[in-house]
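Participant: Following this line is target-v3.cif, made up of mmCIF, C-alpha atoms:
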```cif
data_input
loop_
_atom_site.group_PDB
_atom_site.id
_atom_site.type_symbol
_atom_site.label_atom_id
_atom_site.label_comp_id
_atom_site.auth_asym_id
_atom_site.auth_seq_id
_atom_site.Cartn_x
_atom_site.Cartn_y
_atom_site.Cartn_z
ATOM 1 C CA MET F 1 0.000 0.000 0.000
ATOM 2 C CA LYS F 2 2.844 2.344 0.882
ATOM 3 C CA GLY F 3 4.510 1.617 -2.460
ATOM 4 C CA LYS F 4 1.323 2.506 -4.347
ATOM 5 C CA LYS F 5 1.102 5.856 -2.522
ATOM 6 C CA MET F 6 4.709 6.597 -3.417
ATOM 7 C CA SER F 7 4.053 5.757 -7.053
ATOM 8 C CA ALA F 8 0.987 7.998 -7.120
ATOM 9 C CA LEU F 9 3.023 10.820 -5.538
ATOM 10 C CA LYS F 10 5.727 10.381 -8.160
ATOM 11 C CA ILE F 11 3.123 10.585 -10.917
ATOM 12 C CA VAL F 12 1.694 13.789 -9.414
ATOM 13 C CA LEU F 13 5.187 15.293 -9.112
ATOM 14 C CA ILE F 14 5.998 14.376 -12.702
ATOM 15 C CA VAL F 15 2.736 15.944 -13.907
ATOM 16 C CA VAL F 16 3.406 19.122 -11.902
ATOM 17 C CA LEU F 17 6.986 19.263 -13.199
ATOM 18 C CA CYS F 18 5.794 18.852 -16.789
ATOM 19 C CA PHE F 19 3.228 21.600 -16.205
ATOM 20 C CA LEU F 20 5.892 23.946 -14.844
ATOM 21 C CA VAL F 21 8.182 23.170 -17.785
ATOM 22 C CA LEU F 22 5.343 23.986 -20.192
ATOM 23 C CA ILE F 23 4.660 27.282 -18.388
ATOM 24 C CA ALA F 24 8.366 28.177 -18.481
ATOM 25 C CA ALA F 25 8.527 27.322 -22.176
ATOM 26 C CA ALA F 26 5.450 29.444 -22.841
ATOM 27 C CA LEU F 27 6.961 32.391 -20.972
ATOM 28 C CA VAL F 28 10.207 32.066 -22.914
ATOM 29 C CA TRP F 29 8.234 31.954 -26.165
ATOM 30 C CA LEU F 30 6.167 34.991 -25.189
ATOM 31 C CA SER F 31 9.297 36.933 -24.214
ATOM 32 C CA SER F 32 10.728 36.309 -27.665
ATOM 33 C CA GLN F 33 7.673 37.573 -29.524
ATOM 34 C CA PRO F 34 7.760 41.094 -30.980
ATOM 35 C CA ALA F 35 5.634 43.770 -29.329
ATOM 36 C CA VAL F 36 4.979 45.309 -32.754
ATOM 37 C CA PRO F 37 4.142 43.407 -35.965
ATOM 38 C CA ASP F 38 6.874 43.669 -38.592
ATOM 39 C CA ASN F 39 4.262 44.682 -41.179
ATOM 40 C CA TYR F 40 2.330 47.141 -39.013
ATOM 41 C CA THR F 41 2.764 49.955 -41.554
ATOM 42 C CA GLN F 42 0.563 47.951 -43.913
ATOM 43 C CA LYS F 43 -2.073 47.076 -41.308
ATOM 44 C CA VAL F 44 -2.719 50.131 -39.121
ATOM 45 C CA ASN F 45 -5.870 51.961 -40.144
ATOM 46 C CA THR F 46 -5.377 55.599 -41.164
ATOM 47 C CA GLY F 47 -7.895 58.385 -41.572
ATOM 48 C CA GLY F 48 -5.994 61.115 -43.371
ATOM 49 C CA GLU F 49 -3.596 61.603 -46.270
ATOM 50 C CA ILE F 50 -0.765 62.933 -44.073
ATOM 51 C CA GLU F 51 -1.188 60.189 -41.485
ATOM 52 C CA SER F 52 -1.155 57.580 -44.252
ATOM 53 C CA ARG F 53 1.884 59.067 -46.031
ATOM 54 C CA TYR F 54 4.096 59.144 -42.944
ATOM 55 C CA LEU F 55 2.989 55.714 -41.757
ATOM 56 C CA GLN F 56 4.569 54.227 -44.868
ATOM 57 C CA ASN F 57 8.323 53.706 -45.088
ATOM 58 C CA GLY F 58 10.440 56.655 -46.152
ATOM 59 C CA ALA F 59 12.945 56.807 -48.997
ATOM 60 C CA TYR F 60 16.036 55.619 -47.093
ATOM 61 C CA GLU F 61 17.369 52.084 -46.839
ATOM 62 C CA VAL F 62 18.181 51.330 -43.215
ATOM 63 C CA SER F 63 21.315 49.894 -41.586
ATOM 64 C CA TYR F 64 21.907 48.854 -37.982
ATOM 65 C CA LYS F 65 24.817 48.980 -35.509
ATOM 66 C CA GLU F 66 25.102 48.289 -31.820
ATOM 67 C CA ALA F 67 27.583 48.757 -29.008
ATOM 68 C CA THR F 68 27.549 46.710 -25.823
ATOM 69 C CA VAL F 69 28.176 48.615 -22.589
ATOM 70 C CA MET F 70 28.600 47.940 -18.877
ATOM 71 C CA GLN F 71 25.240 49.452 -18.035
ATOM 72 C CA SER F 72 21.942 47.969 -16.911
ATOM 73 C CA PHE F 73 20.482 48.513 -20.384
ATOM 74 C CA GLY F 74 23.090 46.277 -22.005
ATOM 75 C CA LYS F 75 23.782 47.997 -25.304
ATOM 76 C CA TYR F 76 23.128 50.926 -27.595
ATOM 77 C CA GLU F 77 21.057 49.979 -30.641
ATOM 78 C CA ILE F 78 21.219 52.312 -33.636
ATOM 79 C CA TRP F 79 19.154 52.345 -36.818
ATOM 80 C CA TYR F 80 20.228 54.827 -39.500
ATOM 81 C CA PRO F 81 20.093 55.662 -43.230
ATOM 82 C CA LYS F 82 22.385 53.256 -45.054
ATOM 83 C CA ASP F 83 24.001 55.985 -47.154
ATOM 84 C CA ILE F 84 25.092 58.039 -44.136
ATOM 85 C CA GLU F 85 28.826 57.750 -44.884
ATOM 86 C CA SER F 86 28.534 58.845 -48.505
ATOM 87 C CA SER F 87 25.952 61.554 -47.866
ATOM 88 C CA ASP F 88 26.638 65.239 -47.238
ATOM 89 C CA THR F 89 23.552 65.370 -45.028
ATOM 90 C CA ARG F 90 23.577 65.569 -41.244
ATOM 91 C CA TYR F 91 20.707 63.519 -39.856
ATOM 92 C CA PRO F 92 18.507 64.421 -36.865
ATOM 93 C CA VAL F 93 18.538 62.004 -33.939
ATOM 94 C CA VAL F 94 15.579 60.402 -32.157
ATOM 95 C CA VAL F 95 16.136 58.566 -28.861
ATOM 96 C CA ILE F 96 13.618 55.906 -27.813
ATOM 97 C CA SER F 97 12.468 55.438 -24.203
ATOM 98 C CA ASN F 98 11.028 51.949 -23.580
ATOM 99 C CA GLY F 99 7.819 50.989 -21.841
ATOM 100 C CA THR F 100 7.925 48.734 -18.778
ATOM 101 C CA GLY F 101 9.711 45.512 -19.658
ATOM 102 C CA VAL F 102 9.503 46.212 -23.403
ATOM 103 C CA LYS F 103 13.095 46.360 -24.581
ATOM 104 C CA ALA F 104 13.955 47.897 -27.937
ATOM 105 C CA SER F 105 14.640 44.449 -29.354
ATOM 106 C CA LYS F 106 10.904 43.766 -28.925
ATOM 107 C CA TYR F 107 9.878 46.429 -31.466
ATOM 108 C CA PRO F 108 12.658 47.104 -33.987
ATOM 109 C CA ALA F 109 10.093 47.694 -36.753
ATOM 110 C CA VAL F 110 9.249 51.083 -35.188
ATOM 111 C CA MET F 111 12.893 52.191 -35.197
ATOM 112 C CA GLU F 112 13.469 50.904 -38.729
ATOM 113 C CA HIS F 113 10.443 52.818 -39.964
ATOM 114 C CA LEU F 114 11.564 56.079 -38.376
ATOM 115 C CA ALA F 115 15.112 55.680 -39.687
ATOM 116 C CA SER F 116 13.724 55.227 -43.198
ATOM 117 C CA TRP F 117 12.589 58.874 -43.021
ATOM 118 C CA GLY F 118 16.122 60.139 -42.485
ATOM 119 C CA PHE F 119 16.689 59.875 -38.739
ATOM 120 C CA VAL F 120 19.398 58.236 -36.690
ATOM 121 C CA VAL F 121 17.372 56.326 -34.108
ATOM 122 C CA MET F 122 18.968 55.264 -30.832
ATOM 123 C CA ALA F 123 17.529 52.821 -28.293
ATOM 124 C CA THR F 124 18.587 50.417 -25.542
ATOM 125 C CA GLU F 125 17.445 47.283 -23.738
ATOM 126 C CA GLU F 126 16.418 49.401 -20.741
ATOM 127 C CA GLU F 127 13.351 47.956 -18.987
ATOM 128 C CA TYR F 128 12.768 50.764 -16.461
ATOM 129 C CA SER F 129 13.061 54.106 -18.187
ATOM 130 C CA TRP F 130 11.086 56.627 -16.142
ATOM 131 C CA ASN F 131 14.130 58.572 -14.906
ATOM 132 C CA ALA F 132 15.604 58.962 -18.432
ATOM 133 C CA PHE F 133 18.965 57.432 -17.502
ATOM 134 C CA GLY F 134 19.100 55.473 -20.758
ATOM 135 C CA THR F 135 18.234 58.571 -22.756
ATOM 136 C CA GLU F 136 20.969 60.589 -21.067
ATOM 137 C CA MET F 137 23.500 57.880 -21.853
ATOM 138 C CA CYS F 138 22.329 57.714 -25.486
ATOM 139 C CA LEU F 139 22.840 61.460 -25.814
ATOM 140 C CA ARG F 140 26.362 61.159 -24.414
ATOM 141 C CA PHE F 141 27.080 58.341 -26.849
ATOM 142 C CA ALA F 142 25.647 60.394 -29.733
ATOM 143 C CA ILE F 143 28.126 63.173 -28.893
ATOM 144 C CA LYS F 144 30.968 60.635 -29.086
ATOM 145 C CA MET F 145 29.675 59.211 -32.358
ATOM 146 C CA ASN F 146 29.538 62.656 -33.900
ATOM 147 C CA GLU F 147 32.945 63.843 -32.665
ATOM 148 C CA GLN F 148 35.332 60.880 -32.368
ATOM 149 C CA GLU F 149 36.867 58.841 -35.178
ATOM 150 C CA GLN F 150 37.228 55.773 -32.978
ATOM 151 C CA VAL F 151 34.069 54.738 -31.144
ATOM 152 C CA HIS F 152 33.633 51.591 -29.102
ATOM 153 C CA ASP F 153 35.220 48.641 -30.921
ATOM 154 C CA TRP F 154 33.833 49.507 -34.344
ATOM 155 C CA GLU F 155 36.258 49.215 -37.241
ATOM 156 C CA SER F 156 35.017 52.599 -38.453
ATOM 157 C CA ASN F 157 32.560 55.226 -37.253
ATOM 158 C CA PRO F 158 29.934 56.007 -39.916
ATOM 159 C CA PHE F 159 28.416 58.764 -37.767
ATOM 160 C CA LEU F 160 31.459 61.046 -37.567
ATOM 161 C CA ASP F 161 30.208 64.611 -38.191
ATOM 162 C CA LYS F 162 26.971 63.194 -39.642
ATOM 163 C CA LEU F 163 24.560 63.831 -36.763
ATOM 164 C CA ASP F 164 22.466 66.994 -36.592
ATOM 165 C CA MET F 165 22.952 67.653 -32.899
ATOM 166 C CA GLU F 166 20.736 70.746 -33.056
ATOM 167 C CA HIS F 167 17.706 68.601 -33.904
ATOM 168 C CA ILE F 168 17.160 65.795 -31.422
ATOM 169 C CA GLY F 169 13.812 64.282 -30.451
ATOM 170 C CA VAL F 170 12.645 61.713 -27.906
ATOM 171 C CA PHE F 171 9.856 59.169 -28.207
ATOM 172 C CA GLY F 172 8.506 57.085 -25.338
ATOM 173 C CA HIS F 173 5.598 54.762 -24.643
ATOM 174 C CA SER F 174 3.924 54.118 -21.265
ATOM 175 C CA GLN F 175 6.652 54.352 -18.582
ATOM 176 C CA GLY F 176 8.780 55.626 -21.438
ATOM 177 C CA GLY F 177 6.315 58.509 -21.785
ATOM 178 C CA VAL F 178 7.366 59.558 -18.290
ATOM 179 C CA GLY F 179 10.964 59.013 -19.379
ATOM 180 C CA VAL F 180 10.785 61.443 -22.294
ATOM 181 C CA ILE F 181 9.254 64.177 -20.146
ATOM 182 C CA ASN F 182 12.068 63.719 -17.643
ATOM 183 C CA ALA F 183 14.584 63.605 -20.484
ATOM 184 C CA ALA F 184 13.468 67.007 -21.747
ATOM 185 C CA THR F 185 13.335 68.576 -18.285
ATOM 186 C CA ASN F 186 15.504 66.775 -15.774
ATOM 187 C CA ILE F 187 18.768 65.347 -17.143
ATOM 188 C CA GLU F 188 22.184 66.856 -17.784
ATOM 189 C CA HIS F 189 21.737 67.091 -21.554
ATOM 190 C CA ALA F 190 18.034 68.039 -21.538
ATOM 191 C CA SER F 191 18.768 71.215 -23.512
ATOM 192 C CA MET F 192 19.753 69.096 -26.519
ATOM 193 C CA ILE F 193 16.176 67.838 -26.923
ATOM 194 C CA LYS F 194 14.006 69.838 -29.323
ATOM 195 C CA ALA F 195 10.826 67.724 -29.653
ATOM 196 C CA VAL F 196 8.940 65.260 -27.446
ATOM 197 C CA PHE F 197 6.456 62.533 -28.356
ATOM 198 C CA ALA F 198 4.792 60.581 -25.521
ATOM 199 C CA ALA F 199 2.412 57.703 -26.308
ATOM 200 C CA SER F 200 0.148 56.643 -23.425
ATOM 201 C CA PRO F 201 2.360 58.263 -20.781
ATOM 202 C CA THR F 202 1.662 57.033 -17.257
ATOM 203 C CA GLN F 203 -0.824 59.460 -15.707
ATOM 204 C CA PRO F 204 0.470 61.669 -12.860
ATOM 205 C CA GLU F 205 -1.393 59.933 -10.002
ATOM 206 C CA LEU F 206 -0.284 56.453 -10.984
ATOM 207 C CA ALA F 207 3.249 57.635 -11.701
ATOM 208 C CA SER F 208 3.421 59.270 -8.277
ATOM 209 C CA ALA F 209 2.253 56.060 -6.603
ATOM 210 C CA LEU F 210 5.021 54.199 -8.435
ATOM 211 C CA GLU F 211 7.551 56.929 -7.483
ATOM 212 C CA TRP F 212 8.068 57.828 -11.139
ATOM 213 C CA ASP F 213 8.070 61.557 -10.511
ATOM 214 C CA TYR F 214 7.917 64.027 -13.395
ATOM 215 C CA ASP F 215 6.853 67.623 -14.000
ATOM 216 C CA ALA F 216 5.362 68.385 -17.424
ATOM 217 C CA GLY F 217 5.099 72.023 -16.327
ATOM 218 C CA LYS F 218 8.825 72.347 -17.078
ATOM 219 C CA LEU F 219 8.451 71.400 -20.753
ATOM 220 C CA THR F 220 9.574 74.152 -23.109
ATOM 221 C CA VAL F 221 9.897 72.148 -26.353
ATOM 222 C CA PRO F 222 7.111 70.992 -28.695
ATOM 223 C CA THR F 223 5.281 68.069 -27.100
ATOM 224 C CA PHE F 224 2.780 65.592 -28.544
ATOM 225 C CA LEU F 225 0.711 63.491 -26.118
ATOM 226 C CA MET F 226 -1.514 60.645 -27.230
ATOM 227 C CA ALA F 227 -3.380 57.779 -25.612
ATOM 228 C CA ALA F 228 -6.156 55.309 -26.457
ATOM 229 C CA THR F 229 -9.791 54.939 -25.472
ATOM 230 C CA GLY F 230 -9.416 51.215 -24.745
ATOM 231 C CA LYS F 231 -9.921 49.779 -21.258
ATOM 232 C CA THR F 232 -6.318 49.675 -20.014
ATOM 233 C CA ASP F 233 -5.497 53.225 -21.035
ATOM 234 C CA SER F 234 -8.848 54.793 -20.229
ATOM 235 C CA GLU F 235 -9.261 53.142 -16.821
ATOM 236 C CA THR F 236 -5.709 52.850 -15.522
ATOM 237 C CA ILE F 237 -2.568 53.993 -17.289
ATOM 238 C CA CYS F 238 -3.609 57.110 -19.186
ATOM 239 C CA PRO F 239 -7.304 58.006 -18.863
ATOM 240 C CA LEU F 240 -8.606 61.170 -20.472
ATOM 241 C CA ALA F 241 -8.457 63.143 -17.206
ATOM 242 C CA GLY F 242 -4.827 62.129 -16.675
ATOM 243 C CA LEU F 243 -3.829 62.963 -20.238
ATOM 244 C CA GLN F 244 -5.611 66.305 -19.955
ATOM 245 C CA LYS F 245 -3.799 67.037 -16.693
ATOM 246 C CA ILE F 246 -0.426 66.501 -18.348
ATOM 247 C CA TYR F 247 -1.453 68.648 -21.311
ATOM 248 C CA ASP F 248 -2.808 71.470 -19.129
ATOM 249 C CA SER F 249 0.339 71.562 -17.020
ATOM 250 C CA ILE F 250 2.516 72.214 -20.093
ATOM 251 C CA PRO F 251 2.962 75.999 -20.475
ATOM 252 C CA GLU F 252 0.740 77.624 -23.107
ATOM 253 C CA SER F 253 3.863 79.068 -24.701
ATOM 254 C CA THR F 254 5.023 75.537 -25.544
ATOM 255 C CA PRO F 255 3.623 74.081 -28.798
ATOM 256 C CA LYS F 256 1.603 71.042 -27.781
ATOM 257 C CA VAL F 257 -0.959 68.542 -29.049
ATOM 258 C CA MET F 258 -3.028 65.905 -27.276
ATOM 259 C CA CYS F 259 -5.422 63.312 -28.698
ATOM 260 C CA ARG F 260 -6.789 59.822 -28.134
ATOM 261 C CA ARG F 261 -7.005 56.948 -30.595
ATOM 262 C CA ASN F 262 -10.501 55.445 -30.604
ATOM 263 C CA ASP F 263 -9.824 51.975 -32.037
ATOM 264 C CA GLY F 264 -7.012 50.664 -29.826
ATOM 265 C CA ASP F 265 -5.672 50.246 -26.316
ATOM 266 C CA HIS F 266 -2.470 50.751 -24.388
ATOM 267 C CA GLY F 267 -0.196 48.275 -26.147
ATOM 268 C CA ASN F 268 -1.372 49.372 -29.590
ATOM 269 C CA MET F 269 -0.179 52.912 -28.956
ATOM 270 C CA LEU F 270 3.407 51.756 -29.336
ATOM 271 C CA TYR F 271 2.700 51.915 -33.085
ATOM 272 C CA TYR F 272 -0.897 52.989 -33.860
ATOM 273 C CA GLY F 273 0.172 56.630 -33.728
ATOM 274 C CA ASP F 274 3.278 56.118 -35.837
ATOM 275 C CA GLY F 275 2.021 58.101 -38.826
ATOM 276 C CA TYR F 276 1.592 61.238 -36.751
ATOM 277 C CA MET F 277 4.672 60.507 -34.631
ATOM 278 C CA THR F 278 6.785 60.463 -37.791
ATOM 279 C CA ALA F 279 5.074 63.595 -39.102
ATOM 280 C CA TRP F 280 5.735 65.343 -35.751
ATOM 281 C CA PHE F 281 9.451 64.663 -35.917
ATOM 282 C CA MET F 282 9.593 65.435 -39.639
ATOM 283 C CA TYR F 283 8.109 68.861 -38.928
ATOM 284 C CA TRP F 284 10.161 69.809 -35.876
ATOM 285 C CA LEU F 285 13.458 68.086 -36.707
ATOM 286 C CA HIS F 286 13.518 68.064 -40.528
ATOM 287 C CA GLY F 287 11.538 71.280 -41.154
ATOM 288 C CA ASP F 288 8.962 69.445 -43.291
ATOM 289 C CA THR F 289 6.070 71.916 -43.551
ATOM 290 C CA ASP F 290 3.841 69.361 -45.300
ATOM 291 C CA ALA F 291 4.021 67.193 -42.171
ATOM 292 C CA GLY F 292 3.107 70.176 -40.006
ATOM 293 C CA ALA F 293 -0.206 70.544 -41.844
ATOM 294 C CA ALA F 294 -1.439 67.610 -39.788
ATOM 295 C CA PHE F 295 -1.415 69.752 -36.658
ATOM 296 C CA PHE F 296 -1.018 73.486 -37.021
ATOM 297 C CA HIS F 297 -3.738 75.434 -38.778
ATOM 298 C CA GLU F 298 -7.513 75.703 -38.578
ATOM 299 C CA ASN F 299 -7.890 72.884 -41.102
ATOM 300 C CA ALA F 300 -5.314 70.626 -39.447
ATOM 301 C CA GLU F 301 -5.838 67.078 -40.702
ATOM 302 C CA ILE F 302 -6.025 65.495 -37.272
ATOM 303 C CA LEU F 303 -9.143 67.534 -36.457
ATOM 304 C CA SER F 304 -11.164 65.715 -39.127
ATOM 305 C CA ASN F 305 -9.494 62.314 -38.763
ATOM 306 C CA ALA F 306 -12.105 59.789 -37.615
ATOM 307 C CA ASN F 307 -9.464 57.723 -35.767
ATOM 308 C CA TRP F 308 -8.752 60.454 -33.234
ATOM 309 C CA GLN F 309 -10.803 62.290 -30.605
ATOM 310 C CA ASP F 310 -10.383 64.547 -27.564
ATOM 311 C CA ILE F 311 -8.014 66.737 -29.554
ATOM 312 C CA ASN F 312 -6.417 69.851 -28.078
ATOM 313 C CA MET F 313 -3.558 71.853 -29.528
ATOM 314 C CA GLU F 314 -1.527 75.004 -28.991
ATOM 315 C CA SER F 315 0.907 76.123 -31.681
#
```
Translate the structure described by the file into structure tokens.
Facilitator:
Amino acid sequence: MKGKKMSALKIVLIVVLCFLVLIAAALVWLSSQPAVPDNYTQKVNTGGEIESRYLQNGAYEVSYKEATVMQSFGKYEIWYPKDIESSDTRYPVVVISNGTGVKASKYPAVMEHLASWGFVVMATEEEYSWNAFGTEMCLRFAIKMNEQEQVHDWESNPFLDKLDMEHIGVFGHSQGGVGVINAATNIEHASMIKAVFAASPTQPELASALEWDYDAGKLTVPTFLMAATGKTDSETICPLAGLQKIYDSIPESTPKVMCRRNDGDHGNMLYYGDGYMTAWFMYWLHGDTDAGAAFFHENAEILSNANWQDINMES
């Protein structure tokens, strides 16, 4: 009888072990899946000509480099126009601030898309970005890339004197939305940042509870805020009242836009707003006046775009 009980216990333990192995395998599989579909530029619904144009890939082929570092974020990841070495152009820089646990390697399609419009896009594997440490380090590394012939262990530095250091933007999603506000207001090289884009930034009350402090009232550079009407955003991370509070705290003298996407939720905002995100940076960092028509006149496209609601803007 005792032997039968032992056998039954072994069977139960084996079943539990197999179950745990399956769960671990599932978690590993999930962690390897992209947060953004590779073909999202072909799938996201658009409601305006400008939004549609800038959601598509730009004219530049894209290359990639990285540099490992002894920092918590592991490495710098850089997407850039392939012809950078042979071009006479200096390219604006956009630094990416990750959402909670969503490393840059989980959504390279977003960086590739932005780089195809003529930006050098820098990101990291940072999983906790609210204090903008990763962004500060990217800016320091950008200075090195632009000024030093020998960088890291690269055989050559394609970025030498090719970065437009007067036109730098930051893009962040969720916790990264807090990170870009802090980047533009509260780090050593904040003055280098000339445009901010925050998708579903963590609302002030929740951020305070998490000790992710930030002060949007210090923003003096053009800032675009967007969120979604879906359950997670509207009830927890970035509800309309929270988004409005961030927007209202930004000085009226600072160009600013806020809106909410009405066919998605929190995770979607990592890429659903990409058409207008690209247009925002094209306007402020590349001087593309066609892109600015989405936001800054009485017939601004976004005002009549059926995908967006709760729109406020100051130019």
Participant: What does the PyMOL selection byres ((chain F and resi 246) around 9) select in this file, as an mmCIF file with C-alpha atoms, in the coordinates of the input?
Facilitator:
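New file out35.cif:
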```cif
data_model
loop_
_atom_site.group_PDB
_atom_site.id
_atom_site.type_symbol
_atom_site.label_atom_id
_atom_site.label_comp_id
_atom_site.auth_asym_id
_atom_site.auth_seq_id
_atom_site.Cartn_x
_atom_site.Cartn_y
_atom_site.Cartn_z
ATOM 1 C CA GLN F 203 -0.824 59.460 -15.707
ATOM 2 C CA PRO F 204 0.470 61.669 -12.860
ATOM 3 C CA ASP F 215 6.853 67.623 -14.000
ATOM 4 C CA ALA F 216 5.362 68.385 -17.424
ATOM 5 C CA GLY F 217 5.099 72.023 -16.327
ATOM 6 C CA LEU F 225 0.711 63.491 -26.118
ATOM 7 C CA ALA F 241 -8.457 63.143 -17.206
ATOM 8 C CA GLY F 242 -4.827 62.129 -16.675
ATOM 9 C CA LEU F 243 -3.829 62.963 -20.238
ATOM 10 C CA GLN F 244 -5.611 66.305 -19.955
ATOM 11 C CA LYS F 245 -3.799 67.037 -16.693
ATOM 12 C CA TYR F 247 -1.453 68.648 -21.311
ATOM 13 C CA ASP F 248 -2.808 71.470 -19.129
ATOM 14 C CA SER F 249 0.339 71.562 -17.020
ATOM 15 C CA ILE F 250 2.516 72.214 -20.093
#
```
Participant: Apply the PyMOL selection byres ((chain F and resi 163-171) around 8) to the file shown and report the selected residues as a PyMOL selection string.
Facilitator: chain F and resi 90-97+120+142-143+146+159-162+172-173+176-177+180+183+192-199+281+284-286
Participant: Which protein, DNA or RNA residues are at most 10 Å from (4.9, 52.1, -36.1) in the file's coordinates when you count all atoms listed in the file, listed as a PyMOL selection string?
Facilitator: chain F and resi 36-42+44+54-57+107-114+268-278
Participant: Taking the file as shown, what set of residues would the PyMOL selection byres ((chain F and resi 132-135) around 9) give back, as a VMD selection string?
Facilitator: chain F and resid 72 to 73 95 to 97 122 to 126 128 to 131 136 to 140 170 176 178 to 184 186 to 187
Participant: Grab the CA of Trp117 in chain F to CA of Met282 in chain F distance for me, in Å with one decimal place.
Facilitator: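 Calculated distance between CA of Trp117 in chain F and CA of Met282 in chain F is 8.0 Å.
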Participant: Could you please give me, as number ranges by chain, the residues of protein, DNA or RNA lying at most 8 Å from (-5.4, 46.6, -21.7) in the coordinate frame of the file, considering all atoms listed in the file?
Facilitator: F: 230-233, 265-267
Participant: Choose the residue, out of F:Ala35, F:Met313, F:Ala104, F:Ala291, that has the smallest atom-to-atom separation from Ile78 in chain F; count only C-alpha atoms.
Facilitator: F:Ala104
Participant: So, with all atoms listed in the file as the atoms that count, which of F:Trp154, F:Phe295, F:Trp79, F:Trp212 lies closest to Ser116 in chain F?
Facilitator: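 Under the stated criterion, the closest residue is F:Trp79.
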Participant: Range 59-69 of chain F, all listed atoms, 6 Å padding on each side: what axis-aligned box centre and edge lengths in Å to one decimal come out, as lines of an AutoDock Vina configuration file?
Facilitator:
```
center_x = 20.6
center_y = 51.8
center_z = -35.8
size_x = 27.2
size_y = 22.1
size_z = 38.4
```
Participant: Write out as a PyMOL selection string which residues come within 10 Å of Asp83 in chain F when counting only C-alpha atoms, dropping same-chain ones fewer than 5 positions away.
Facilitator: chain F and resi 60-63+88-89+158
Participant: At what distance in Å, to one decimal, does CA of Glu51 in chain F lie from CA of Asn307 in chain F?
Facilitator: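 We find that CA of Asn307 in chain F and CA of Glu51 in chain F lie 10.4 Å from each other.
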Participant: If you count only C-alpha atoms, which residues fall within 7 Å of Glu314 in chain F, apart from same-chain ones fewer than 4 positions away, as a list in words?
Facilitator: Glu252, Pro255, Lys256 and Val257 of chain F
Participant: Restricting the calculation to all atoms listed in the file, which member of F:Ala115, F:Ile50, F:Glu66, F:Glu205 is positioned closest to Trp280 in chain F?
Facilitator: F:Ile50
Participant: Can you measure CA of Gly118 in chain F to CA of Ser87 in chain F for me? One decimal in Å is fine.
Facilitator: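 Result for CA of Gly118 in chain F versus CA of Ser87 in chain F: 11.3 Å, one decimal.
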Participant: From the block you just saw, export range 108-119 of chain F: N, CA and C atoms, as a tab-separated table (two decimals), in the first residue's frame.
Facilitator:
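See result-v9.tsv below for the written result:
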```
chain	number	residue	atom	x	y	z
F	108	PRO	N	11.74	46.45	-33.05
F	108	PRO	CA	12.66	47.10	-33.99
F	108	PRO	C	11.96	47.69	-35.21
F	109	ALA	N	10.80	47.18	-35.56
F	109	ALA	CA	10.09	47.69	-36.75
F	109	ALA	C	9.80	49.18	-36.62
F	110	VAL	N	9.53	49.65	-35.40
F	110	VAL	CA	9.25	51.08	-35.19
F	110	VAL	C	10.50	51.91	-35.48
F	111	MET	N	11.65	51.46	-34.99
F	111	MET	CA	12.89	52.19	-35.20
F	111	MET	C	13.32	52.16	-36.67
F	112	GLU	N	13.13	51.02	-37.31
F	112	GLU	CA	13.47	50.90	-38.73
F	112	GLU	C	12.62	51.86	-39.56
F	113	HIS	N	11.34	51.93	-39.23
F	113	HIS	CA	10.44	52.82	-39.96
F	113	HIS	C	10.88	54.28	-39.82
F	114	LEU	N	11.17	54.69	-38.60
F	114	LEU	CA	11.56	56.08	-38.38
F	114	LEU	C	12.89	56.39	-39.07
F	115	ALA	N	13.83	55.46	-39.02
F	115	ALA	CA	15.11	55.68	-39.69
F	115	ALA	C	14.95	55.81	-41.19
F	116	SER	N	13.94	55.15	-41.75
F	116	SER	CA	13.72	55.23	-43.20
F	116	SER	C	13.31	56.62	-43.65
F	117	TRP	N	12.94	57.48	-42.71
F	117	TRP	CA	12.59	58.87	-43.02
F	117	TRP	C	13.76	59.83	-42.80
F	118	GLY	N	14.95	59.28	-42.58
F	118	GLY	CA	16.12	60.14	-42.49
F	118	GLY	C	16.48	60.55	-41.08
F	119	PHE	N	16.29	59.63	-40.13
F	119	PHE	CA	16.69	59.87	-38.74
F	119	PHE	C	17.70	58.81	-38.31
```
